[in-house]
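Working notes, beginning with the structure itself.
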Amino acid sequence: MTRMTDIACVFRIQLASMRRELGPFLLAALIFPSGMYLFANAVAGAEVRLEQNRLRFLAGSIIFSLSLTSLSWLGYLLLENRFTGRLKLFATLPIAPSSYLLGVLVFAIAQAMLGTVTLLLVGRALGVHMQPNFVLLALVIALTILCLCGLGAIVAASARSFSQGSLLTDTLGAGLVLLAPVYYAPEMLPRAARVFAQLLPTNFAARAVLTTLAGGHEIGSDLLALLLTAVITLGFGFKLMKWRED
Amino acid sequence: MATALTMTSEVSLGARREQIKTARPHEVGEDTTSLAVKVSGLIKRYADGTEANRNIDLEVRRGEVVSILGPNGAGKTTFLRQVTTELRPTAGSISIFDVDAIKEPGRAKHSMGVTPQEAGVFERLTVREHLEFFARFKRLPKKAAREAAHKVIADLNLEAETDRRVGALSGGQRRRILIGLALLGRPPLLVLDEPTTGLDPSSRRAVWRVIRRAVSDGASVILSTHYMEEAERLSDRIGIIAQGRLIAFGTLEELLGRVGRSYRLSYRDPFDPLSEPCVRYCVSFAEAQAHVLREMLSEYSIARASLEDVYFTLTGEVFEKDEKEEAA
């Protein structure tokens, strides 16, 4: 029970802070990814008429939104807490590091769900035809968030300075979307890059989101890959995040 | 002729502390001990070989205020961070109300309220939100958390700032919030690392009042400070750390006794009124008076040697000794 209270309190602290930063949140979760959707449509030219491409661009924008809000923003938040001494406030309290990280994760998931639902509404308003399975979609989004937050936690816990960490979270936030076949088909990548790009979590996430939006269910392998990545990244993140210094 | 005779005698909280024979019950530990903190043989050696704490033994009794003094970089914060379980000691033991703080940091933290030296605050929260959330972390139910936050806000003179964002407050006000976080839930032990650094005199006195109130409620306090007056006014016992070692520990009287010459005679040269003031330490008041008569001083003061005199004498001794050792 106390653990739940701790997690809820961490969540509420993040929420109260975010309420006062709604502008940047909308920019990262909605406006920028929507812009990327329009950009991808414009670059695609005549091929945008293909429904599959429009769905891919929407799926890509959802992943982009998740990456910006969870990896870049939450990574930044964790870095800020660490390097401005806020983490000391938690470290001197009788709460477990995992409660702190779980509170942040729950907040990230809530934030991602909000962003995703809004982007789906934007997609519908722009005439994208989709038949999403919401349960599967929620599962994919949650696992994607866990992967990306795990990466953010690793960067935040291991960075040597605030500037180094924030550069890394920003680069990863955008890079993982642009390097992986999120907005384009894997076949468009050079053969050497294809293997690497297909191993990125954003690749599994984009493929799963695209399949789910199209009404498909064949995402077992992608879910498994996301789950494994989440376990590994979060495991490292938890391990690196120490309340106690040596 | 302007003659001043000053006798300073700071009465600490000692007398009142005597009344605190039993502390209030607390959920952690059996509290059968009379010690709030017991540190034995504490050594902290960093990976680069720096020895920040060298074999420190120190005890804080229940209901007692212990101040730690020392130059910058002496190892005060390192010491306190080990007590608060933030930093793992290289060797030695720390127990907080009989709980081994090294083996069971989580349990030990239940009895502590901590103000770290350089902690940040959540700038986008209001003062009220900040305190209420952190009161919940200290296991207070919602209503009690609200009441505790309200009380701390009043105690620290932050009423006018209650609904202001923390980011809009001055450094001193933020510092008071950090002190308030430590006080939430009335922990039986307060560990305060330079709690009043950066505070104006009035805020500093407000913090002293709050600390005194906590102590009269049964709390024990260990704090580090650079302010001699603070240590003199608040403490039952004072420790001085220099170069990682606890070079002195005792009541103010005991520390003054270590200096030997416990009276300070400050005067100006009677034949040169514009000269710089001179200071002479004497073993007794009579010796100081004799010097006044012998030198026909007209402008002087005689005061008990203060903690500051003790501090400089003792830390000076250490540096001198070390220099001699190096030379040898």
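Just remember, in the structure tokens the first chain shown is A, the second B, etc., residues are 1-based per chain, and ligands are 1-based in the order shown.
When the distance limit is 7 Å and only C-alpha atoms are what count, the residues near range 20-32 of chain A, minus those fewer than 6 positions from it on the same chain, are Ser65, Leu68, Thr69, Gly115 and Leu119 of chain A; Arg124 of chain B.
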How about saving the chosen residues, N, CA, C and O atoms kept, as a PDB file, in the first residue's frame?
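Heads up, here's the output in again-v1.pdb:
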ATOM      1  N   SER A  65       5.953  10.774 -31.691  1.00  0.00           N
ATOM      2  CA  SER A  65       5.392  11.429 -30.506  1.00  0.00           C
ATOM      3  C   SER A  65       5.831  10.699 -29.227  1.00  0.00           C
ATOM      4  O   SER A  65       6.248  11.326 -28.252  1.00  0.00           O
ATOM      5  N   LEU A  68       9.535  11.384 -28.546  1.00  0.00           N
ATOM      6  CA  LEU A  68       9.819  12.728 -28.036  1.00  0.00           C
ATOM      7  C   LEU A  68       9.347  12.885 -26.590  1.00  0.00           C
ATOM      8  O   LEU A  68      10.041  13.490 -25.769  1.00  0.00           O
ATOM      9  N   THR A  69       8.171  12.344 -26.286  1.00  0.00           N
ATOM     10  CA  THR A  69       7.649  12.553 -24.924  1.00  0.00           C
ATOM     11  C   THR A  69       8.284  11.618 -23.900  1.00  0.00           C
ATOM     12  O   THR A  69       8.455  12.006 -22.751  1.00  0.00           O
ATOM     13  N   GLY A 115      -1.336  11.414 -25.916  1.00  0.00           N
ATOM     14  CA  GLY A 115      -0.775  11.842 -27.201  1.00  0.00           C
ATOM     15  C   GLY A 115      -1.255  10.964 -28.340  1.00  0.00           C
ATOM     16  O   GLY A 115      -1.620  11.454 -29.419  1.00  0.00           O
ATOM     17  N   LEU A 119      -3.491  11.957 -31.593  1.00  0.00           N
ATOM     18  CA  LEU A 119      -2.983  11.784 -32.962  1.00  0.00           C
ATOM     19  C   LEU A 119      -3.929  10.928 -33.800  1.00  0.00           C
ATOM     20  O   LEU A 119      -4.091  11.168 -35.007  1.00  0.00           O
TER      21      LEU A 119
ATOM     22  N   ARG B 124       8.138  23.953 -10.374  1.00  0.00           N
ATOM     23  CA  ARG B 124       6.803  24.220 -10.925  1.00  0.00           C
ATOM     24  C   ARG B 124       5.684  23.872  -9.946  1.00  0.00           C
ATOM     25  O   ARG B 124       4.523  24.096 -10.233  1.00  0.00           O
TER      26      ARG B 124
END
Neighbours of chain A in chain B at 6 Å, counting only C-alpha atoms, as a VMD selection string: chain B and resid 86 to 88 106 109 to 110 119 to 121 124 137
Within 6 Å of range 54-68 of chain B using only C-alpha atoms, minus same-chain residues under 6 positions, as a ChimeraX atom specification: /B:34-43,215,218-224,231,235-240,244-246
Long-range neighbours of range 209-213 of chain A as a PyMOL selection string, 7 Å cut-off, only C-alpha atoms, 6 positions minimum in chain: chain A and resi 55-56+59+130-133+136-137+140
Residue neighbourhood Ser72 in chain A, 8 Å, only C-alpha atoms, exclusion window fewer than 3 positions, as a ChimeraX atom specification: /A:67-69,75-76,152,166,169-170,172-173
